[in-house]
>>> print(open('query_8.pdb').read())   # PDB, C-alpha atoms, pLDDT in the B column
ATOM      1  CA  MET A  46     -58.037  76.803 134.854  1.00 48.00           C
ATOM      2  CA  ASN A  47     -59.468  73.499 133.750  1.00 48.00           C
ATOM      3  CA  GLN A  48     -57.454  70.482 134.759  1.00 52.00           C
ATOM      4  CA  SER A  49     -58.167  66.977 133.550  1.00 49.00           C
ATOM      5  CA  ARG A  50     -56.947  65.292 136.725  1.00 58.00           C
ATOM      6  CA  PRO A  51     -59.959  63.824 138.580  1.00 71.00           C
ATOM      7  CA  LYS A  52     -60.964  66.022 141.479  1.00 68.00           C
ATOM      8  CA  VAL A  53     -61.156  63.074 143.898  1.00 66.00           C
ATOM      9  CA  LYS A  54     -57.574  61.996 143.201  1.00 71.00           C
ATOM     10  CA  LYS A  55     -56.410  65.574 143.432  1.00 67.00           C
ATOM     11  CA  SER A  56     -58.255  65.968 146.737  1.00 68.00           C
ATOM     12  CA  ARG A  57     -56.550  62.905 148.183  1.00 68.00           C
ATOM     13  CA  ALA A  58     -53.136  64.006 146.929  1.00 71.00           C
ATOM     14  CA  LEU A  59     -53.503  67.421 148.566  1.00 74.00           C
ATOM     15  CA  GLY A  60     -55.261  66.192 151.712  1.00 73.00           C
ATOM     16  CA  ILE A  61     -58.378  68.350 151.295  1.00 70.00           C
ATOM     17  CA  ALA A  62     -61.815  67.754 149.756  1.00 65.00           C
ATOM     18  CA  LEU A  63     -62.134  70.076 146.756  1.00 69.00           C
ATOM     19  CA  THR A  64     -65.737  69.171 145.896  1.00 66.00           C
ATOM     20  CA  PRO A  65     -68.762  67.852 147.821  1.00 67.00           C
ATOM     21  CA  LYS A  66     -68.422  64.571 145.899  1.00 62.00           C
ATOM     22  CA  ALA A  67     -64.817  64.233 147.041  1.00 54.00           C
ATOM     23  CA  VAL A  68     -65.782  64.478 150.722  1.00 60.00           C
ATOM     24  CA  LYS A  69     -67.121  60.917 151.077  1.00 59.00           C
ATOM     25  CA  TYR A  70     -64.281  59.434 149.011  1.00 54.00           C
ATOM     26  CA  PHE A  71     -61.738  61.385 151.022  1.00 53.00           C
ATOM     27  CA  GLU A  72     -63.260  60.168 154.298  1.00 59.00           C
ATOM     28  CA  ALA A  73     -63.017  56.565 153.074  1.00 56.00           C
ATOM     29  CA  ARG A  74     -59.457  56.913 151.793  1.00 56.00           C
ATOM     30  CA  PRO A  75     -57.715  59.763 153.659  1.00 54.00           C
ATOM     31  CA  TYR A  76     -54.346  59.097 152.072  1.00 54.00           C
ATOM     32  CA  PRO A  77     -52.749  59.937 148.703  1.00 56.00           C
ATOM     33  CA  PRO A  78     -53.759  57.916 145.617  1.00 53.00           C
ATOM     34  CA  GLY A  79     -51.612  55.161 144.154  1.00 55.00           C
ATOM     35  CA  GLU A  80     -50.188  51.900 145.471  1.00 53.00           C
ATOM     36  CA  HIS A  81     -47.750  53.738 147.742  1.00 52.00           C
ATOM     37  CA  GLY A  82     -50.319  56.190 149.049  1.00 52.00           C
ATOM     38  CA  ARG A  83     -50.366  54.706 152.529  1.00 56.00           C
ATOM     39  CA  GLY A  84     -46.619  54.373 152.839  1.00 51.00           C
ATOM     40  CA  ARG A  85     -44.559  56.624 155.048  1.00 52.00           C
ATOM     41  CA  LYS A  86     -43.064  59.592 153.293  1.00 58.00           C
ATOM     42  CA  GLN A  87     -40.337  61.902 154.454  1.00 60.00           C
ATOM     43  CA  ASN A  88     -41.319  65.521 154.035  1.00 74.00           C
ATOM     44  CA  SER A  89     -38.668  68.182 153.623  1.00 88.00           C
ATOM     45  CA  ASP A  90     -39.380  71.780 154.624  1.00 92.00           C
ATOM     46  CA  TYR A  91     -39.537  72.659 150.934  1.00 94.00           C
ATOM     47  CA  LYS A  92     -42.044  69.924 150.189  1.00 94.00           C
ATOM     48  CA  THR A  93     -44.230  70.963 153.140  1.00 94.00           C
ATOM     49  CA  ARG A  94     -44.341  74.565 151.919  1.00 95.00           C
ATOM     50  CA  LEU A  95     -44.890  73.502 148.319  1.00 95.00           C
ATOM     51  CA  LEU A  96     -47.830  71.293 149.323  1.00 94.00           C
ATOM     52  CA  GLU A  97     -49.439  74.126 151.295  1.00 96.00           C
ATOM     53  CA  LYS A  98     -49.078  76.449 148.314  1.00 96.00           C
ATOM     54  CA  GLN A  99     -50.634  73.827 146.029  1.00 95.00           C
ATOM     55  CA  ARG A 100     -53.502  73.305 148.477  1.00 94.00           C
ATOM     56  CA  LEU A 101     -54.281  77.019 148.450  1.00 97.00           C
ATOM     57  CA  ARG A 102     -54.062  77.198 144.662  1.00 96.00           C
ATOM     58  CA  ALA A 103     -56.410  74.236 144.326  1.00 94.00           C
ATOM     59  CA  GLN A 104     -59.055  75.722 146.624  1.00 95.00           C
ATOM     60  CA  TYR A 105     -59.287  78.777 144.372  1.00 97.00           C
ATOM     61  CA  ASP A 106     -58.498  76.804 141.176  1.00 95.00           C
ATOM     62  CA  ILE A 107     -55.953  79.355 139.972  1.00 97.00           C
ATOM     63  CA  SER A 108     -52.759  79.137 137.951  1.00 96.00           C
ATOM     64  CA  GLU A 109     -49.270  79.613 139.351  1.00 97.00           C
ATOM     65  CA  ARG A 110     -49.023  82.960 137.571  1.00 97.00           C
ATOM     66  CA  GLN A 111     -52.255  84.174 139.189  1.00 97.00           C
ATOM     67  CA  MET A 112     -51.028  82.974 142.575  1.00 97.00           C
ATOM     68  CA  ARG A 113     -47.720  84.801 142.201  1.00 97.00           C
ATOM     69  CA  ARG A 114     -49.468  88.013 141.179  1.00 97.00           C
ATOM     70  CA  ALA A 115     -51.758  87.799 144.214  1.00 97.00           C
ATOM     71  CA  TYR A 116     -48.728  87.235 146.458  1.00 98.00           C
ATOM     72  CA  ASP A 117     -46.925  90.241 144.958  1.00 97.00           C
ATOM     73  CA  ARG A 118     -49.973  92.431 145.639  1.00 97.00           C
ATOM     74  CA  ALA A 119     -50.303  91.058 149.171  1.00 97.00           C
ATOM     75  CA  LYS A 120     -46.671  91.970 149.937  1.00 96.00           C
ATOM     76  CA  LYS A 121     -47.490  95.618 149.272  1.00 96.00           C
ATOM     77  CA  VAL A 122     -50.378  95.752 151.753  1.00 96.00           C
ATOM     78  CA  SER A 123     -49.318  97.783 154.776  1.00 94.00           C
ATOM     79  CA  GLY A 124     -50.397  97.053 158.341  1.00 93.00           C
ATOM     80  CA  GLN A 125     -51.303  93.427 157.628  1.00 94.00           C
ATOM     81  CA  ARG A 126     -49.454  90.127 157.544  1.00 96.00           C
ATOM     82  CA  THR A 127     -48.624  89.094 153.996  1.00 97.00           C
ATOM     83  CA  GLY A 128     -50.251  85.664 154.445  1.00 97.00           C
ATOM     84  CA  GLU A 129     -53.543  87.114 155.640  1.00 97.00           C
ATOM     85  CA  ALA A 130     -53.465  89.751 152.898  1.00 98.00           C
ATOM     86  CA  LEU A 131     -52.921  86.984 150.339  1.00 98.00           C
ATOM     87  CA  ILE A 132     -55.988  85.005 151.441  1.00 98.00           C
ATOM     88  CA  ILE A 133     -58.122  88.160 151.469  1.00 97.00           C
ATOM     89  CA  GLU A 134     -56.821  89.085 148.012  1.00 97.00           C
ATOM     90  CA  LEU A 135     -57.848  85.673 146.645  1.00 98.00           C
ATOM     91  CA  GLU A 136     -61.208  85.744 148.425  1.00 98.00           C
ATOM     92  CA  ARG A 137     -62.170  88.965 146.633  1.00 98.00           C
ATOM     93  CA  ARG A 138     -62.081  87.153 143.269  1.00 98.00           C
ATOM     94  CA  LEU A 139     -65.483  87.129 141.603  1.00 98.00           C
ATOM     95  CA  ASP A 140     -65.585  83.338 141.181  1.00 98.00           C
ATOM     96  CA  ALA A 141     -64.723  82.802 144.864  1.00 98.00           C
ATOM     97  CA  LEU A 142     -67.530  85.081 146.047  1.00 98.00           C
ATOM     98  CA  VAL A 143     -70.073  83.540 143.656  1.00 97.00           C
ATOM     99  CA  LEU A 144     -69.237  80.234 145.357  1.00 96.00           C
ATOM    100  CA  ARG A 145     -69.433  81.638 148.904  1.00 96.00           C
ATOM    101  CA  SER A 146     -72.801  83.259 148.195  1.00 96.00           C
ATOM    102  CA  GLY A 147     -74.423  79.920 147.379  1.00 95.00           C
ATOM    103  CA  LEU A 148     -74.950  80.661 143.689  1.00 96.00           C
ATOM    104  CA  ALA A 149     -72.631  77.771 142.763  1.00 95.00           C
ATOM    105  CA  ARG A 150     -71.849  74.341 144.203  1.00 93.00           C
ATOM    106  CA  THR A 151     -68.093  74.280 143.536  1.00 93.00           C
ATOM    107  CA  ILE A 152     -65.355  76.709 142.533  1.00 95.00           C
ATOM    108  CA  TYR A 153     -65.306  74.974 139.136  1.00 95.00           C
ATOM    109  CA  GLN A 154     -69.009  75.607 138.558  1.00 96.00           C
ATOM    110  CA  SER A 155     -68.624  79.172 139.777  1.00 97.00           C
ATOM    111  CA  ARG A 156     -65.794  79.845 137.331  1.00 97.00           C
ATOM    112  CA  GLN A 157     -67.889  78.412 134.489  1.00 97.00           C
ATOM    113  CA  MET A 158     -70.833  80.640 135.392  1.00 98.00           C
ATOM    114  CA  VAL A 159     -68.619  83.721 135.205  1.00 98.00           C
ATOM    115  CA  VAL A 160     -66.761  82.729 132.014  1.00 98.00           C
ATOM    116  CA  HIS A 161     -70.037  81.956 130.217  1.00 98.00           C
ATOM    117  CA  GLY A 162     -71.300  85.470 130.898  1.00 98.00           C
ATOM    118  CA  HIS A 163     -74.073  84.681 133.388  1.00 98.00           C
ATOM    119  CA  ILE A 164     -72.847  87.111 136.084  1.00 98.00           C
ATOM    120  CA  GLU A 165     -72.930  90.890 136.281  1.00 98.00           C
ATOM    121  CA  VAL A 166     -71.376  93.344 138.735  1.00 98.00           C
ATOM    122  CA  ASN A 167     -73.131  96.642 139.338  1.00 98.00           C
ATOM    123  CA  GLY A 168     -75.292  95.994 136.274  1.00 97.00           C
ATOM    124  CA  ARG A 169     -72.425  95.235 133.893  1.00 98.00           C
ATOM    125  CA  LYS A 170     -71.513  91.782 132.569  1.00 98.00           C
ATOM    126  CA  VAL A 171     -68.203  90.480 133.893  1.00 98.00           C
ATOM    127  CA  ASP A 172     -66.759  87.294 132.394  1.00 98.00           C
ATOM    128  CA  LYS A 173     -63.367  87.274 134.153  1.00 98.00           C
ATOM    129  CA  PRO A 174     -63.235  84.984 137.215  1.00 98.00           C
ATOM    130  CA  SER A 175     -60.253  86.963 138.522  1.00 97.00           C
ATOM    131  CA  PHE A 176     -62.269  90.222 138.656  1.00 98.00           C
ATOM    132  CA  ARG A 177     -61.673  91.720 142.108  1.00 97.00           C
ATOM    133  CA  VAL A 178     -64.915  92.634 143.830  1.00 98.00           C
ATOM    134  CA  ARG A 179     -64.852  95.771 145.986  1.00 98.00           C
ATOM    135  CA  PRO A 180     -66.919  96.591 149.067  1.00 98.00           C
ATOM    136  CA  GLU A 181     -70.438  97.780 148.141  1.00 97.00           C
ATOM    137  CA  ASP A 182     -70.284  96.047 144.745  1.00 98.00           C
ATOM    138  CA  VAL A 183     -73.535  94.242 143.898  1.00 98.00           C
ATOM    139  CA  VAL A 184     -73.207  90.931 142.058  1.00 98.00           C
ATOM    140  CA  GLN A 185     -76.161  89.154 140.473  1.00 98.00           C
ATOM    141  CA  VAL A 186     -77.151  86.627 137.840  1.00 98.00           C
ATOM    142  CA  ARG A 187     -78.035  88.314 134.548  1.00 98.00           C
ATOM    143  CA  GLU A 188     -81.720  88.507 133.672  1.00 97.00           C
ATOM    144  CA  ARG A 189     -81.430  86.251 130.623  1.00 96.00           C
ATOM    145  CA  SER A 190     -79.733  83.479 132.641  1.00 97.00           C
ATOM    146  CA  ARG A 191     -81.986  83.270 135.678  1.00 97.00           C
ATOM    147  CA  GLU A 192     -84.188  80.417 134.472  1.00 96.00           C
ATOM    148  CA  LYS A 193     -81.293  78.080 133.732  1.00 97.00           C
ATOM    149  CA  THR A 194     -81.265  74.951 135.913  1.00 96.00           C
ATOM    150  CA  PRO A 195     -78.201  75.728 138.080  1.00 96.00           C
ATOM    151  CA  PHE A 196     -79.661  79.083 139.055  1.00 97.00           C
ATOM    152  CA  ALA A 197     -83.109  77.622 139.705  1.00 96.00           C
ATOM    153  CA  VAL A 198     -81.411  75.231 142.152  1.00 95.00           C
ATOM    154  CA  ALA A 199     -79.430  78.100 143.695  1.00 96.00           C
ATOM    155  CA  ARG A 200     -82.613  80.161 144.150  1.00 95.00           C
ATOM    156  CA  GLU A 201     -84.017  77.398 146.356  1.00 94.00           C
ATOM    157  CA  GLY A 202     -80.815  77.165 148.385  1.00 92.00           C
ATOM    158  CA  GLY A 203     -79.626  73.970 146.716  1.00 91.00           C
ATOM    159  CA  TRP A 204     -75.983  75.071 146.516  1.00 85.00           C
ATOM    160  CA  ALA A 205     -75.830  76.886 149.851  1.00 79.00           C
ATOM    161  CA  GLY A 206     -74.330  73.876 151.629  1.00 67.00           C
ATOM    162  CA  GLU A 207     -74.171  73.283 155.342  1.00 58.00           C
ATOM    163  CA  GLY A 208     -71.976  76.231 156.287  1.00 65.00           C
ATOM    164  CA  GLU A 209     -73.174  79.715 157.131  1.00 79.00           C
ATOM    165  CA  THR A 210     -72.943  82.537 154.641  1.00 90.00           C
ATOM    166  CA  PRO A 211     -69.782  84.548 155.427  1.00 94.00           C
ATOM    167  CA  ARG A 212     -70.500  87.728 157.338  1.00 95.00           C
ATOM    168  CA  TYR A 213     -68.851  89.912 154.725  1.00 97.00           C
ATOM    169  CA  LEU A 214     -71.591  89.028 152.226  1.00 97.00           C
ATOM    170  CA  GLN A 215     -75.212  90.165 152.121  1.00 97.00           C
ATOM    171  CA  VAL A 216     -76.993  87.467 150.109  1.00 97.00           C
ATOM    172  CA  ASN A 217     -80.476  87.329 148.584  1.00 97.00           C
ATOM    173  CA  LEU A 218     -80.760  83.927 146.911  1.00 96.00           C
ATOM    174  CA  LYS A 219     -84.351  84.523 145.772  1.00 96.00           C
ATOM    175  CA  ALA A 220     -83.066  87.468 143.772  1.00 98.00           C
ATOM    176  CA  LEU A 221     -79.892  85.550 142.812  1.00 98.00           C
ATOM    177  CA  ALA A 222     -77.841  88.458 144.071  1.00 98.00           C
ATOM    178  CA  PHE A 223     -75.347  89.401 146.763  1.00 98.00           C
ATOM    179  CA  ARG A 224     -73.294  92.367 147.932  1.00 98.00           C
ATOM    180  CA  LEU A 225     -69.801  92.478 149.367  1.00 98.00           C
ATOM    181  CA  ASP A 226     -70.337  94.585 152.480  1.00 97.00           C
ATOM    182  CA  ARG A 227     -66.663  94.920 153.420  1.00 97.00           C
ATOM    183  CA  ASP A 228     -63.287  93.284 153.019  1.00 95.00           C
ATOM    184  CA  PRO A 229     -63.247  89.824 154.633  1.00 96.00           C
ATOM    185  CA  ASN A 230     -61.249  89.019 157.764  1.00 95.00           C
ATOM    186  CA  ARG A 231     -58.954  86.011 157.486  1.00 95.00           C
ATOM    187  CA  LYS A 232     -60.753  84.155 160.299  1.00 95.00           C
ATOM    188  CA  GLU A 233     -64.059  84.404 158.395  1.00 95.00           C
ATOM    189  CA  ILE A 234     -62.746  82.896 155.158  1.00 96.00           C
ATOM    190  CA  PRO A 235     -63.525  79.157 154.892  1.00 93.00           C
ATOM    191  CA  VAL A 236     -60.191  78.140 153.382  1.00 94.00           C
ATOM    192  CA  LEU A 237     -57.910  75.474 154.837  1.00 92.00           C
ATOM    193  CA  CYS A 238     -54.405  76.894 154.725  1.00 93.00           C
ATOM    194  CA  GLU A 239     -51.397  77.695 156.883  1.00 95.00           C
ATOM    195  CA  GLU A 240     -50.706  80.820 154.908  1.00 96.00           C
ATOM    196  CA  GLN A 241     -47.349  81.497 156.598  1.00 96.00           C
ATOM    197  CA  LEU A 242     -45.972  78.397 154.863  1.00 97.00           C
ATOM    198  CA  VAL A 243     -47.106  79.805 151.523  1.00 97.00           C
ATOM    199  CA  VAL A 244     -45.355  83.102 152.281  1.00 97.00           C
ATOM    200  CA  GLU A 245     -42.187  81.213 153.212  1.00 97.00           C
ATOM    201  CA  PHE A 246     -42.375  79.274 149.927  1.00 97.00           C
ATOM    202  CA  TYR A 247     -42.410  82.452 147.839  1.00 96.00           C
ATOM    203  CA  ALA A 248     -39.934  84.305 150.073  1.00 93.00           C
ATOM    204  CA  ARG A 249     -37.248  81.633 149.795  1.00 87.00           C
TER     205      ARG A 249
END
>>> encode(input="query_8.pdb", output="structure tokens")
Amino acid sequence: MNQSRPKVKKSRALGIALTPKAVKYFEARPYPPGEHGRGRKQNSDYKTRLLEKQRLRAQYDISERQMRRAYDRAKKVSGQRTGEALIIELERRLDALVLRSGLARTIYQSRQMVVHGHIEVNGRKVDKPSFRVRPEDVVQVRERSREKTPFAVAREGGWAGEGETPRYLQVNLKALAFRLDRDPNRKEIPVLCEEQLVVEFYAR
């Protein structure tokens, strides 16, 4: 889902840094963009829940339709809170895991890598970012794409960032490959979200 709105402005509007570049701008101006960005605003319960839903959508760069479908699937998960099930459902997307593994720098780059056919799952090309990875699936960069610049940087750990690799992934950057060992736990997923507010938004 490619949006023309600058990522820095979007980051400031939502209150979260969506890209590494946005981090320093967000630290310098931690308030919404525009001349009234620093003014006091009254937040209704609806607006608070809407903002949290938009923040979650932005972190995975998905459409409203995709978000609603993920929520509907999460509601059907038994023995787990709907909010936690929703985050886990989104985290199993192929583009999200390509990002977490360190093969991409941002969710936008990760999505592009998948759409352009550079990624395969269990030896088969997959070009749908929404593909849901299952435990024991092996994801890797296709042979013909491995010498491209972004993957050369990834091989040397250039996109790995400062955070640790999530425990649910087994990553081999030199081989440009990773495996999903198991379903993630909500506490392990590096997403900023009060998921209960998102559930309340859709349940209203």
>>> residues_near_point(input="query_8.pdb", point="(-78.0, 77.7, 133.3)", cutoff="12 Å", atoms="only C-alpha atoms", output="list of chain:residue names")
A:Leu148, A:Ala149, A:Gln154, A:Ser155, A:Gln157, A:Met158, A:Val159, A:His161, A:Gly162, A:His163, A:Ile164, A:Val186, A:Arg187, A:Glu188, A:Arg189, A:Ser190, A:Arg191, A:Glu192, A:Lys193, A:Thr194, A:Pro195, A:Phe196, A:Ala197, A:Val198, A:Ala199
>>> resolve_selection(input="query_8.pdb", expression="the PyMOL selection byres ((chain A and resi 168) around 9)", output="list in words")
Glu165, Val166, Asn167, Arg169, Lys170, Val183, Val184, Gln185 and Arg187 of chain A
>>> closest_residue(input="query_8.pdb", among="A:Asp90, A:Glu129, A:Asp172, A:Glu136", to="A:Glu240", atoms="only C-alpha atoms")
A:Glu129
>>> residues_around(input="query_8.pdb", residues="A:Val236", least_positions_apart="6", cutoff="10 Å", atoms="all atoms listed in the file", output="list in words")
Arg100, Leu101, Gln104, Tyr105, Ile132 and Glu136 of chain A
>>> axis_aligned_box(input="query_8.pdb", around="stretch 162-169 of chain A", padding_each_side="3 Å", output="AutoDock Vina command-line options")
--center_x -73.3 --center_y 90.7 --center_z 135.1 --size_x 10.0 --size_y 18.0 --size_z 14.4
>>> resolve_selection(input="query_8.pdb", expression="the PyMOL selection byres ((chain A and resi 227) around 12)", output="list in words")
Ile133, Glu136, Arg137, Val178, Arg179, Pro180, Glu181, Asp182, Val183, Pro211, Arg212, Tyr213, Leu214, Gln215, Arg224, Leu225, Asp226, Asp228, Pro229, Asn230 and Glu233 of chain A
>>> write_last_selection(input="query_8.pdb", atoms="C-alpha atoms", output="compact mmCIF listing (two decimals), keeping the file's coordinate frame")
# COMPACT_ATOMS: atom_id res chain seq x y z
CA ILE A 133 -58.12 88.16 151.47
CA GLU A 136 -61.21 85.74 148.43
CA ARG A 137 -62.17 88.96 146.63
CA VAL A 178 -64.92 92.63 143.83
CA ARG A 179 -64.85 95.77 145.99
CA PRO A 180 -66.92 96.59 149.07
CA GLU A 181 -70.44 97.78 148.14
CA ASP A 182 -70.28 96.05 144.74
CA VAL A 183 -73.54 94.24 143.90
CA PRO A 211 -69.78 84.55 155.43
CA ARG A 212 -70.50 87.73 157.34
CA TYR A 213 -68.85 89.91 154.72
CA LEU A 214 -71.59 89.03 152.23
CA GLN A 215 -75.21 90.16 152.12
CA ARG A 224 -73.29 92.37 147.93
CA LEU A 225 -69.80 92.48 149.37
CA ASP A 226 -70.34 94.58 152.48
CA ASP A 228 -63.29 93.28 153.02
CA PRO A 229 -63.25 89.82 154.63
CA ASN A 230 -61.25 89.02 157.76
CA GLU A 233 -64.06 84.40 158.40
>>> closest_residue(input="query_8.pdb", among="A:Ile234, A:Ile152, A:Ala58, A:Ala220", to="A:Ile107", atoms="all atoms listed in the file")
A:Ile152
>>> atom_distance(input="query_8.pdb", atom1="atom CA of A:Arg231", atom2="atom CA of A:Lys219")
28.0 Å
>>> residues_around(input="query_8.pdb", residues="A:Ala119", least_positions_apart="4", cutoff="9 Å", atoms="all atoms listed in the file", output="PyMOL selection string")
chain A and resi 114-115+123+125-134
>>> atom_distance(input="query_8.pdb", atom1="atom CA of A:Gly147", atom2="atom CA of A:Arg113")
27.6 Å
>>> resolve_selection(input="query_8.pdb", expression="the PyMOL selection byres ((chain A and resi 239) around 9)", output="JSON, numbers by chain")
{"A": [97, 98, 101, 128, 237, 238, 240, 241, 242, 243]}
